[in-house]
Number of protein chains: 2
Amino acid sequence: MWNAESKLARPFRIPNSAFRIRSRVFEFTIDATCGAARTGTLVLPHGPVETPVFMPVGTQGTVRALSPGDLKAVGSQLVLANTYHLHVRPGEGVVERLGGLHRFMAWDRPLLTDSGGFQVFSLEGFRRVDDDGVEFQSHVDGGRRHLTPERATEIQWTLGADIAMAFDHVVPGGADETTARDALERTLGWLARCARKHAELAERWKDGTMERSFPRSNVPSVPQTLWPILQGGTHLGLRQEGLRRIQELGEWTGLAIGGLSVGEPKPVMYEMLEGLEPRLPPSWPRYLMGVGFPADLVTAVARGIDLFDCVAPTRNGRNGSAFTPDGPVNIRNAEHRADPRPLDATCDCETCATFSRGYLRHLFVAEELLGLRLLSLHNVRFLIRLTRAMGAAIRAGTFPRWAADWRRRYTRSD
Amino acid sequence: MWNAESKLARPFRIPNSAFRIRSRVFEFTIDATCGAARTGTLVLPHGPVETPVFMPVGTQGTVRALSPGDLKAVGSQLVLANTYHLHVRPGEGVVERLGGLHRFMAWDRPLLTDSGGFQVFSLEGFRRVDDDGVEFQSHVDGGRRHLTPERATEIQWTLGADIAMAFDHVVPGGADETTARDALERTLGWLARCARKHAELAERWKDGTMERSFPRSNVPSVPQTLWPILQGGTHLGLRQEGLRRIQELGEWTGLAIGGLSVGEPKPVMYEMLEGLEPRLPPSWPRYLMGVGFPADLVTAVARGIDLFDCVAPTRNGRNGSAFTPDGPVNIRNAEHRADPRPLDATCDCETCATFSRGYLRHLFVAEELLGLRLLSLHNVRFLIRLTRAMGAAIRAGTFPRWAADWRRRYTRSD
């Protein structure tokens, strides 16, 4: 169902010459809109991605407790890995020698790598920031490391994800305007440096002057795009200014909104999204970093967000907390002891199709590894089914009603 | 390839009237022999089992880190679960309410339950033995529990595995003859009581006077058989006497050899098997409990053993130790850091078909859950492929030569 607004989703120019590609890779097509909510298709070197999309998080090159086969079985289209973690262990050189990140983790669908900015600014330990970059302490061996926009870009190029993120300076949720402006300015300065480095790498790739230890199969003339990250804390004016200045820097293939879901109250996060949404170029896919929980996905899609990532489904799953249409269920609770019903009767995942709540509770109480996998699997499937249901409601033009019904059922038992 | 000896594998009478069944369930057919080594088929209510067979151990109703789907993918035909563990948690009543052990753990192929004897005698904590049974302390809540031959048989009937084991008194590997005789006598006395209780339960099942909360689908007129466990420590005379007295008690559908691989030197275990083998009724499938490691399987099959169980493939897998045709590999070793080769180039499992040694090492070094699963999966597949290869060599009449070649390669790197 096309409507007037979706005409905006025309193929658009890629920022610089390195990105003027023959195929329609990195193109985002909006298939339908309903208010600010959109559903579309993002074409990446390793395949297409339907939006809204939830990305499971594979911090260390593996989504915890799940195999690539599991991720395909639950319909994952795009997986996130963390540059910081892979840089400190096993090191991007090892990943490269093992064929690049796709081959390393045996995931042949699209990948996105976070730039390491968030980790460098949020993990414990020593850190020193200046305009050049960040010196920090590895959480693995305690050794001093240095990341700059150029290094973060090079590392991500070596890893070889479909989407690389610009290196950014993240501030906590409650940061005052001076702190947030400082980080925004630094992030914008770093963005220009990331883009320059990325263009240079892409140029060398196209020229064939770059030595590549891994095969070029499955990748187009340019194997990776770079997305900017919008910072600005919880200060809408800064966010709007940041957005304007990112647009001035070039025409990007997507935009990430970072520095939210980092400790600020949820209404503040939604206020930011609402204030930004009318100014976002419709043709850019919009990625809200680090979100989320089921209700956050619904709220953010209503505010025009297309992509999400979060450890919640796997981390909560490992803690015995399962998403269901009737709200979260703690499978350890005694009430599930002899319950023959599935975790979620509406779900088609292996966990729900195969096992009873009673058995799942037993696995958690008995501290069996299979429980961690089964709840993680279900929770990821739950979010993927949720994004599909949202896409269908957007195409049907019934998203607000669908969202209200969904929310009523989800929060009823709270 | 049939030979003279396999004529012994005629259908045989089941011990008492409760077991005089219409179908050929519980029947063991020997397909070929080569020296003392045999390959055959054991028909169980939930399907046939080809021997030699290795049973993965699902102590708490789950084979650690593996799903039922994984177990099928690696060709598992028979899985072991522990009566003691399931009795103390979640309790056989809960398992019954959730549809019996097969439904509980979502495993529709054959199951065998150990009787709890081994656990009661080997786990830490208080225990008091008399001829009636054993009082012990639950490892879960510290509470006092009491197991008798009758209770162990009832619990296993409730769990509903295809094969139940008689309740036995296990002594440590170095036990002197007086201690071993005492345990043997008690085990034989308990065997008669287990058999009486089992026949009574089977009679009530056949009469339809037994209330069953779970469906009878997939099960023949009698859903379970009971196997005796031969004890006698490391005293061959006691073992031979025990065997004779077990035969006098009835004609069984199989025999377990217990109390080996419990701390005695390996040559002593093999001496026991060699001394017993000529006296074992050829038509009984022979189950060597708690064994093994790859080389032990080969040695024991040469001495006429048909069934095995052991936690080694999963426990070692979780510790990063993988079986390969060239001996065990510790995947944590630095040499694997950037090794693109599979764990075992001869293996067809998901782990070997999908991932490099370098990636597997990364998973272990980074303490990722997927590593535990992938090495467990490979190790179970390794033992199953080993049993299949032994079966083929037995059918081809080349088992001794095959075993010598296998052993030469396996131990070369040690």
# chains A, B, ... in the order shown; residues from 1 in each chain; ligands from 1
>>> residues_around(residues="A:Gly290", least_positions_apart="5", cutoff="10 Å", atoms="only C-alpha atoms", output="PDB file with C-alpha atoms, in the first residue's frame")
ATOM      1  CA  MET A  55      18.879  -6.789  15.500  1.00  0.00           C
ATOM      2  CA  VAL A  57      23.256  -8.384  19.667  1.00  0.00           C
ATOM      3  CA  PHE A 118      29.473   3.420  23.431  1.00  0.00           C
ATOM      4  CA  ILE A 257      20.212   7.911  17.095  1.00  0.00           C
ATOM      5  CA  GLY A 258      22.639   7.235  19.924  1.00  0.00           C
ATOM      6  CA  GLY A 259      22.880   8.322  23.524  1.00  0.00           C
ATOM      7  CA  LEU A 260      19.294   7.430  24.371  1.00  0.00           C
ATOM      8  CA  SER A 261      18.200   4.549  26.571  1.00  0.00           C
ATOM      9  CA  VAL A 262      21.310   5.317  28.654  1.00  0.00           C
ATOM     10  CA  PHE A 308      16.622  -1.478  16.783  1.00  0.00           C
ATOM     11  CA  ASP A 309      19.197  -3.454  18.717  1.00  0.00           C
ATOM     12  CA  CYS A 310      19.234  -4.501  22.334  1.00  0.00           C
ATOM     13  CA  VAL A 311      20.637  -7.212  24.583  1.00  0.00           C
ATOM     14  CA  ALA A 312      17.272  -7.393  26.395  1.00  0.00           C
TER      15      ALA A 312
END
>>> interface_residues(of="chain B", to="chain A", cutoff="10 Å", atoms="only C-alpha atoms", output="ChimeraX atom specification")
/B:60-69,85-86,89-90,93-99,103-107,140,337-341,350,354-363,365-374
>>> write_last_selection(atoms="N, CA and C atoms", output="compact mmCIF listing (two decimals), in the first residue's frame")
# COMPACT_ATOMS: atom_id res chain seq x y z
N GLN B 60 19.48 -34.53 34.35
CA GLN B 60 18.30 -33.86 34.90
C GLN B 60 17.18 -33.74 33.85
N GLY B 61 17.16 -34.70 32.92
CA GLY B 61 16.14 -34.64 31.88
C GLY B 61 16.53 -33.70 30.75
N THR B 62 17.83 -33.45 30.61
CA THR B 62 18.37 -32.65 29.51
C THR B 62 19.85 -32.98 29.38
N VAL B 63 20.28 -33.27 28.17
CA VAL B 63 21.70 -33.51 27.92
C VAL B 63 22.36 -32.14 27.88
N ARG B 64 23.30 -31.90 28.77
CA ARG B 64 23.79 -30.53 29.00
C ARG B 64 24.20 -29.81 27.72
N ALA B 65 23.59 -28.63 27.54
CA ALA B 65 23.88 -27.70 26.44
C ALA B 65 23.29 -28.15 25.10
N LEU B 66 22.62 -29.30 25.07
CA LEU B 66 22.07 -29.79 23.80
C LEU B 66 20.55 -29.88 23.86
N SER B 67 19.92 -29.62 22.72
CA SER B 67 18.47 -29.75 22.62
C SER B 67 18.12 -31.11 22.04
N PRO B 68 16.86 -31.53 22.17
CA PRO B 68 16.45 -32.78 21.51
C PRO B 68 16.74 -32.72 20.00
N GLY B 69 16.57 -31.57 19.40
CA GLY B 69 16.87 -31.43 17.97
C GLY B 69 18.34 -31.68 17.68
N HIS B 85 18.19 -37.84 40.32
CA HIS B 85 18.09 -36.39 40.09
C HIS B 85 16.66 -35.96 39.82
N LEU B 86 15.95 -36.72 39.00
CA LEU B 86 14.58 -36.32 38.66
C LEU B 86 13.64 -36.52 39.85
N ARG B 89 14.36 -33.50 42.04
CA ARG B 89 13.97 -32.26 41.36
C ARG B 89 13.72 -32.53 39.90
N PRO B 90 12.53 -32.35 39.37
CA PRO B 90 11.37 -31.69 39.97
C PRO B 90 10.47 -32.63 40.76
N GLY B 93 6.37 -36.87 40.28
CA GLY B 93 4.96 -36.46 40.17
C GLY B 93 4.81 -35.31 39.18
N VAL B 94 5.74 -34.38 39.23
CA VAL B 94 5.70 -33.26 38.29
C VAL B 94 5.94 -33.77 36.87
N VAL B 95 6.92 -34.67 36.72
CA VAL B 95 7.19 -35.22 35.39
C VAL B 95 5.94 -35.93 34.86
N GLU B 96 5.26 -36.68 35.75
CA GLU B 96 4.05 -37.39 35.34
C GLU B 96 2.96 -36.40 34.89
N ARG B 97 2.79 -35.34 35.68
CA ARG B 97 1.76 -34.35 35.32
C ARG B 97 2.10 -33.66 34.00
N LEU B 98 3.36 -33.62 33.68
CA LEU B 98 3.76 -32.99 32.41
C LEU B 98 3.87 -34.02 31.28
N GLY B 99 3.29 -35.20 31.50
CA GLY B 99 3.15 -36.14 30.40
C GLY B 99 4.15 -37.28 30.37
N ARG B 103 7.67 -36.90 27.11
CA ARG B 103 7.03 -35.63 26.79
C ARG B 103 7.72 -34.48 27.52
N PHE B 104 8.07 -34.70 28.79
CA PHE B 104 8.71 -33.68 29.62
C PHE B 104 9.94 -33.11 28.92
N MET B 105 10.83 -34.01 28.47
CA MET B 105 12.06 -33.54 27.85
C MET B 105 11.97 -33.48 26.33
N ALA B 106 10.77 -33.73 25.80
CA ALA B 106 10.53 -33.63 24.36
C ALA B 106 11.47 -34.54 23.56
N TRP B 107 11.62 -35.77 24.05
CA TRP B 107 12.46 -36.75 23.38
C TRP B 107 11.59 -37.95 23.05
N VAL B 140 19.86 -31.31 46.71
CA VAL B 140 19.18 -30.06 46.35
C VAL B 140 18.76 -29.28 47.59
N ARG B 337 44.46 -20.17 17.65
CA ARG B 337 44.00 -18.78 17.63
C ARG B 337 43.49 -18.33 16.26
N ALA B 338 44.24 -18.58 15.22
CA ALA B 338 43.83 -18.12 13.89
C ALA B 338 43.76 -19.30 12.92
N ASP B 339 43.42 -20.46 13.46
CA ASP B 339 43.38 -21.68 12.65
C ASP B 339 42.04 -21.79 11.94
N PRO B 340 42.04 -21.72 10.60
CA PRO B 340 40.77 -21.75 9.88
C PRO B 340 40.19 -23.16 9.71
N ARG B 341 40.93 -24.18 10.14
CA ARG B 341 40.46 -25.56 9.91
C ARG B 341 39.34 -25.94 10.87
N GLU B 350 27.44 -30.20 12.83
CA GLU B 350 27.26 -28.77 12.57
C GLU B 350 28.51 -27.98 12.96
N THR B 354 30.70 -25.98 10.11
CA THR B 354 30.37 -24.55 10.10
C THR B 354 31.48 -23.64 10.61
N PHE B 355 32.19 -24.08 11.65
CA PHE B 355 33.06 -23.15 12.37
C PHE B 355 34.53 -23.56 12.31
N SER B 356 35.40 -22.55 12.39
CA SER B 356 36.85 -22.78 12.42
C SER B 356 37.30 -23.04 13.86
N ARG B 357 38.46 -23.68 13.98
CA ARG B 357 39.06 -23.83 15.30
C ARG B 357 39.30 -22.46 15.94
N GLY B 358 39.68 -21.49 15.10
CA GLY B 358 39.93 -20.14 15.63
C GLY B 358 38.69 -19.55 16.28
N TYR B 359 37.55 -19.71 15.62
CA TYR B 359 36.31 -19.18 16.19
C TYR B 359 35.92 -19.94 17.45
N LEU B 360 36.05 -21.27 17.42
CA LEU B 360 35.71 -22.07 18.60
C LEU B 360 36.60 -21.68 19.79
N ARG B 361 37.89 -21.47 19.51
CA ARG B 361 38.78 -21.02 20.59
C ARG B 361 38.30 -19.67 21.14
N HIS B 362 37.96 -18.76 20.23
CA HIS B 362 37.46 -17.45 20.67
C HIS B 362 36.26 -17.61 21.60
N LEU B 363 35.33 -18.48 21.22
CA LEU B 363 34.13 -18.68 22.07
C LEU B 363 34.54 -19.13 23.47
N VAL B 365 37.61 -18.77 24.99
CA VAL B 365 38.40 -17.74 25.67
C VAL B 365 37.47 -16.60 26.13
N ALA B 366 36.48 -16.27 25.30
CA ALA B 366 35.55 -15.19 25.64
C ALA B 366 34.39 -15.69 26.52
N GLU B 367 34.44 -16.94 26.93
CA GLU B 367 33.43 -17.54 27.81
C GLU B 367 32.01 -17.41 27.26
N GLU B 368 31.87 -17.70 25.98
CA GLU B 368 30.56 -17.63 25.34
C GLU B 368 29.86 -18.99 25.38
N LEU B 369 28.57 -18.95 25.69
CA LEU B 369 27.79 -20.17 25.86
C LEU B 369 27.79 -21.06 24.62
N LEU B 370 27.82 -20.43 23.44
CA LEU B 370 27.74 -21.23 22.22
C LEU B 370 28.88 -22.25 22.14
N GLY B 371 30.04 -21.90 22.68
CA GLY B 371 31.18 -22.83 22.66
C GLY B 371 30.87 -24.13 23.38
N LEU B 372 30.19 -24.02 24.53
CA LEU B 372 29.85 -25.22 25.31
C LEU B 372 28.98 -26.15 24.48
N ARG B 373 28.03 -25.55 23.77
CA ARG B 373 27.14 -26.34 22.95
C ARG B 373 27.87 -26.98 21.79
N LEU B 374 28.69 -26.19 21.10
CA LEU B 374 29.30 -26.68 19.87
C LEU B 374 30.29 -27.82 20.13
>>> residues_around(residues="B:Cys194", least_positions_apart="5", cutoff="7 Å", atoms="only C-alpha atoms", output="JSON, numbers by chain")
{"B": [149, 150, 153, 166]}
>>> write_last_selection(atoms="C-alpha atoms", output="mmCIF file, in the first residue's frame")
data_model
loop_
_atom_site.group_PDB
_atom_site.id
_atom_site.type_symbol
_atom_site.label_atom_id
_atom_site.label_comp_id
_atom_site.auth_asym_id
_atom_site.auth_seq_id
_atom_site.Cartn_x
_atom_site.Cartn_y
_atom_site.Cartn_z
ATOM 1 C CA PRO B 149 14.104 -51.257 45.357
ATOM 2 C CA GLU B 150 10.320 -50.910 45.217
ATOM 3 C CA THR B 153 11.076 -49.180 40.435
ATOM 4 C CA ALA B 166 17.303 -52.327 39.006
#
>>> select_by_dssp(residues="stretch 196-338 of chain B", states="strand (DSSP E or B)", output="MDAnalysis selection string")
chainID B and resid 225:227 229:230 255:257 286:288 307:310 321:322 329:330
>>> atom_distance(atom1="atom CA of B:Thr234", atom2="atom CA of B:Glu185")
15.0 Å
>>> closest_residue(among="A:Leu377, A:Leu307, A:Val268, A:Ala295", to="A:Tyr410", atoms="only C-alpha atoms")
A:Ala295
>>> select_by_dssp(residues="stretch 221-352 of chain A", states="helix (DSSP H, G or I)", output="PyMOL selection string")
chain A and resi 236-249+266-279+294-302+312-318+334-336+350-352
>>> residues_around(residues="stretch 401-403 of chain B", least_positions_apart="6", cutoff="12 Å", atoms="only C-alpha atoms", output="PDB file with N, CA and C atoms, in the first residue's frame")
ATOM      1  N   CYS B  34      32.122 -60.428  15.276  1.00  0.00           N
ATOM      2  CA  CYS B  34      33.510 -60.515  14.807  1.00  0.00           C
ATOM      3  C   CYS B  34      34.344 -60.721  16.057  1.00  0.00           C
ATOM      4  N   GLY B  35      34.728 -61.980  16.309  1.00  0.00           N
ATOM      5  CA  GLY B  35      35.298 -62.290  17.612  1.00  0.00           C
ATOM      6  C   GLY B  35      34.198 -62.090  18.646  1.00  0.00           C
ATOM      7  N   ALA B  37      33.107 -59.141  19.464  1.00  0.00           N
ATOM      8  CA  ALA B  37      32.377 -57.907  19.120  1.00  0.00           C
ATOM      9  C   ALA B  37      31.108 -58.228  18.341  1.00  0.00           C
ATOM     10  N   PRO B 294      36.574 -42.432  24.026  1.00  0.00           N
ATOM     11  CA  PRO B 294      36.624 -43.147  22.746  1.00  0.00           C
ATOM     12  C   PRO B 294      37.395 -44.473  22.808  1.00  0.00           C
ATOM     13  N   ALA B 295      38.593 -44.440  23.379  1.00  0.00           N
ATOM     14  CA  ALA B 295      39.400 -45.669  23.388  1.00  0.00           C
ATOM     15  C   ALA B 295      38.747 -46.761  24.236  1.00  0.00           C
ATOM     16  N   ASP B 296      38.016 -46.360  25.285  1.00  0.00           N
ATOM     17  CA  ASP B 296      37.324 -47.347  26.119  1.00  0.00           C
ATOM     18  C   ASP B 296      36.200 -48.027  25.347  1.00  0.00           C
ATOM     19  N   LEU B 297      35.512 -47.257  24.507  1.00  0.00           N
ATOM     20  CA  LEU B 297      34.435 -47.847  23.715  1.00  0.00           C
ATOM     21  C   LEU B 297      34.994 -48.928  22.793  1.00  0.00           C
ATOM     22  N   VAL B 298      36.122 -48.622  22.151  1.00  0.00           N
ATOM     23  CA  VAL B 298      36.703 -49.577  21.207  1.00  0.00           C
ATOM     24  C   VAL B 298      37.140 -50.846  21.949  1.00  0.00           C
ATOM     25  N   THR B 299      37.787 -50.645  23.086  1.00  0.00           N
ATOM     26  CA  THR B 299      38.260 -51.799  23.860  1.00  0.00           C
ATOM     27  C   THR B 299      37.093 -52.638  24.373  1.00  0.00           C
ATOM     28  N   ALA B 300      36.038 -51.974  24.817  1.00  0.00           N
ATOM     29  CA  ALA B 300      34.910 -52.708  25.394  1.00  0.00           C
ATOM     30  C   ALA B 300      34.073 -53.408  24.322  1.00  0.00           C
ATOM     31  N   VAL B 301      33.933 -52.803  23.161  1.00  0.00           N
ATOM     32  CA  VAL B 301      33.211 -53.473  22.070  1.00  0.00           C
ATOM     33  C   VAL B 301      33.958 -54.758  21.689  1.00  0.00           C
ATOM     34  N   ALA B 302      35.279 -54.692  21.684  1.00  0.00           N
ATOM     35  CA  ALA B 302      36.080 -55.890  21.393  1.00  0.00           C
ATOM     36  C   ALA B 302      35.828 -56.987  22.419  1.00  0.00           C
ATOM     37  N   LEU B 386      31.759 -43.118  15.947  1.00  0.00           N
ATOM     38  CA  LEU B 386      32.670 -44.204  16.334  1.00  0.00           C
ATOM     39  C   LEU B 386      31.909 -45.529  16.467  1.00  0.00           C
ATOM     40  N   THR B 387      30.744 -45.496  17.103  1.00  0.00           N
ATOM     41  CA  THR B 387      29.967 -46.743  17.245  1.00  0.00           C
ATOM     42  C   THR B 387      29.506 -47.246  15.869  1.00  0.00           C
ATOM     43  N   ALA B 389      31.059 -46.752  13.017  1.00  0.00           N
ATOM     44  CA  ALA B 389      32.245 -47.296  12.330  1.00  0.00           C
ATOM     45  C   ALA B 389      32.567 -48.684  12.869  1.00  0.00           C
ATOM     46  N   MET B 390      32.397 -48.867  14.187  1.00  0.00           N
ATOM     47  CA  MET B 390      32.654 -50.195  14.762  1.00  0.00           C
ATOM     48  C   MET B 390      31.660 -51.204  14.206  1.00  0.00           C
ATOM     49  N   GLY B 391      30.394 -50.807  14.113  1.00  0.00           N
ATOM     50  CA  GLY B 391      29.375 -51.703  13.562  1.00  0.00           C
ATOM     51  C   GLY B 391      29.733 -52.123  12.141  1.00  0.00           C
ATOM     52  N   ALA B 392      30.185 -51.164  11.358  1.00  0.00           N
ATOM     53  CA  ALA B 392      30.537 -51.475   9.970  1.00  0.00           C
ATOM     54  C   ALA B 392      31.728 -52.434   9.917  1.00  0.00           C
ATOM     55  N   ALA B 393      32.715 -52.204  10.776  1.00  0.00           N
ATOM     56  CA  ALA B 393      33.895 -53.080  10.787  1.00  0.00           C
ATOM     57  C   ALA B 393      33.525 -54.484  11.253  1.00  0.00           C
ATOM     58  N   ILE B 394      32.583 -54.582  12.172  1.00  0.00           N
ATOM     59  CA  ILE B 394      32.133 -55.897  12.639  1.00  0.00           C
ATOM     60  C   ILE B 394      31.415 -56.620  11.494  1.00  0.00           C
ATOM     61  N   ARG B 395      30.542 -55.897  10.796  1.00  0.00           N
ATOM     62  CA  ARG B 395      29.828 -56.515   9.678  1.00  0.00           C
ATOM     63  C   ARG B 395      30.797 -56.944   8.571  1.00  0.00           C
ATOM     64  N   ARG B 409      46.131 -44.304  15.296  1.00  0.00           N
ATOM     65  CA  ARG B 409      45.950 -42.890  14.948  1.00  0.00           C
ATOM     66  C   ARG B 409      45.533 -42.081  16.187  1.00  0.00           C
ATOM     67  N   TYR B 410      44.639 -42.626  16.983  1.00  0.00           N
ATOM     68  CA  TYR B 410      44.102 -41.872  18.130  1.00  0.00           C
ATOM     69  C   TYR B 410      45.177 -41.567  19.160  1.00  0.00           C
ATOM     70  N   THR B 411      46.117 -42.505  19.346  1.00  0.00           N
ATOM     71  CA  THR B 411      47.096 -42.334  20.424  1.00  0.00           C
ATOM     72  C   THR B 411      48.419 -41.762  19.927  1.00  0.00           C
TER      73      THR B 411
END
>>> residues_around(residues="A:Gly40", least_positions_apart="5", cutoff="9 Å", atoms="only C-alpha atoms", output="list of chain:residue names")
A:Phe28, A:Thr29, A:Ile30, A:Asp31, A:Ala32, A:Thr33, A:Val49, A:Glu50, A:Thr51, A:Pro52, A:Pro285, A:Asp306, A:Gly391
>>> write_last_selection(atoms="N, CA and C atoms", output="PDB file, in the first residue's frame")
ATOM      1  N   PHE A  28      17.318   2.251   0.571  1.00  0.00           N
ATOM      2  CA  PHE A  28      16.191   2.005   1.469  1.00  0.00           C
ATOM      3  C   PHE A  28      14.916   2.406   0.756  1.00  0.00           C
ATOM      4  N   THR A  29      13.983   1.481   0.633  1.00  0.00           N
ATOM      5  CA  THR A  29      12.711   1.744  -0.023  1.00  0.00           C
ATOM      6  C   THR A  29      11.596   1.657   1.007  1.00  0.00           C
ATOM      7  N   ILE A  30      10.808   2.693   1.114  1.00  0.00           N
ATOM      8  CA  ILE A  30       9.674   2.646   2.039  1.00  0.00           C
ATOM      9  C   ILE A  30       8.485   2.046   1.305  1.00  0.00           C
ATOM     10  N   ASP A  31       7.951   0.974   1.869  1.00  0.00           N
ATOM     11  CA  ASP A  31       6.833   0.284   1.223  1.00  0.00           C
ATOM     12  C   ASP A  31       5.496   0.853   1.645  1.00  0.00           C
ATOM     13  N   ALA A  32       5.399   1.306   2.875  1.00  0.00           N
ATOM     14  CA  ALA A  32       4.132   1.888   3.362  1.00  0.00           C
ATOM     15  C   ALA A  32       4.427   2.731   4.584  1.00  0.00           C
ATOM     16  N   THR A  33       3.568   3.710   4.810  1.00  0.00           N
ATOM     17  CA  THR A  33       3.648   4.500   6.045  1.00  0.00           C
ATOM     18  C   THR A  33       2.258   4.563   6.654  1.00  0.00           C
ATOM     19  N   VAL A  49      16.880  -6.392   4.066  1.00  0.00           N
ATOM     20  CA  VAL A  49      16.377  -6.352   5.436  1.00  0.00           C
ATOM     21  C   VAL A  49      15.033  -5.636   5.409  1.00  0.00           C
ATOM     22  N   GLU A  50      14.007  -6.310   5.939  1.00  0.00           N
ATOM     23  CA  GLU A  50      12.700  -5.650   6.033  1.00  0.00           C
ATOM     24  C   GLU A  50      12.625  -4.857   7.313  1.00  0.00           C
ATOM     25  N   THR A  51      12.142  -3.640   7.226  1.00  0.00           N
ATOM     26  CA  THR A  51      11.968  -2.834   8.427  1.00  0.00           C
ATOM     27  C   THR A  51      10.483  -2.679   8.732  1.00  0.00           C
ATOM     28  N   PRO A  52      10.114  -2.442  10.002  1.00  0.00           N
ATOM     29  CA  PRO A  52      10.987  -2.340  11.167  1.00  0.00           C
ATOM     30  C   PRO A  52      11.724  -3.655  11.422  1.00  0.00           C
ATOM     31  N   PRO A 285      16.992   5.305   6.520  1.00  0.00           N
ATOM     32  CA  PRO A 285      16.567   4.383   7.584  1.00  0.00           C
ATOM     33  C   PRO A 285      17.096   4.897   8.919  1.00  0.00           C
ATOM     34  N   ASP A 306      13.094   2.763  12.435  1.00  0.00           N
ATOM     35  CA  ASP A 306      13.094   1.588  11.560  1.00  0.00           C
ATOM     36  C   ASP A 306      13.937   0.419  12.069  1.00  0.00           C
ATOM     37  N   GLY A 391       4.846  -4.161  10.897  1.00  0.00           N
ATOM     38  CA  GLY A 391       4.906  -3.925   9.453  1.00  0.00           C
ATOM     39  C   GLY A 391       3.556  -4.197   8.795  1.00  0.00           C
TER      40      GLY A 391
END
>>> residues_around(residues="B:Phe121", least_positions_apart="3", cutoff="10 Å", atoms="only C-alpha atoms", output="list in words")
Gly116, Gly117, Phe118, Glu124, Gly125, Phe126, Arg127, Arg128, Val129, Val134, Phe136, Asp168, His169, Val170, Val171 and Pro172 of chain B
>>> residues_around(residues="A:His378", least_positions_apart="5", cutoff="10 Å", atoms="only C-alpha atoms", output="list in words")
Val74, Pro313, Thr314, Gly317, Ala322, Phe323, Thr324, Leu343, Asp344, Cys347, Asp348, Cys349, Glu350, Thr351, Cys352, Arg373, Leu383 and Ile384 of chain A
>>> atom_distance(atom1="atom CA of A:Trp284", atom2="atom CA of A:Arg244")
13.6 Å
>>> atom_distance(atom1="atom CA of A:Pro281", atom2="atom CA of A:Gln247")
8.7 Å
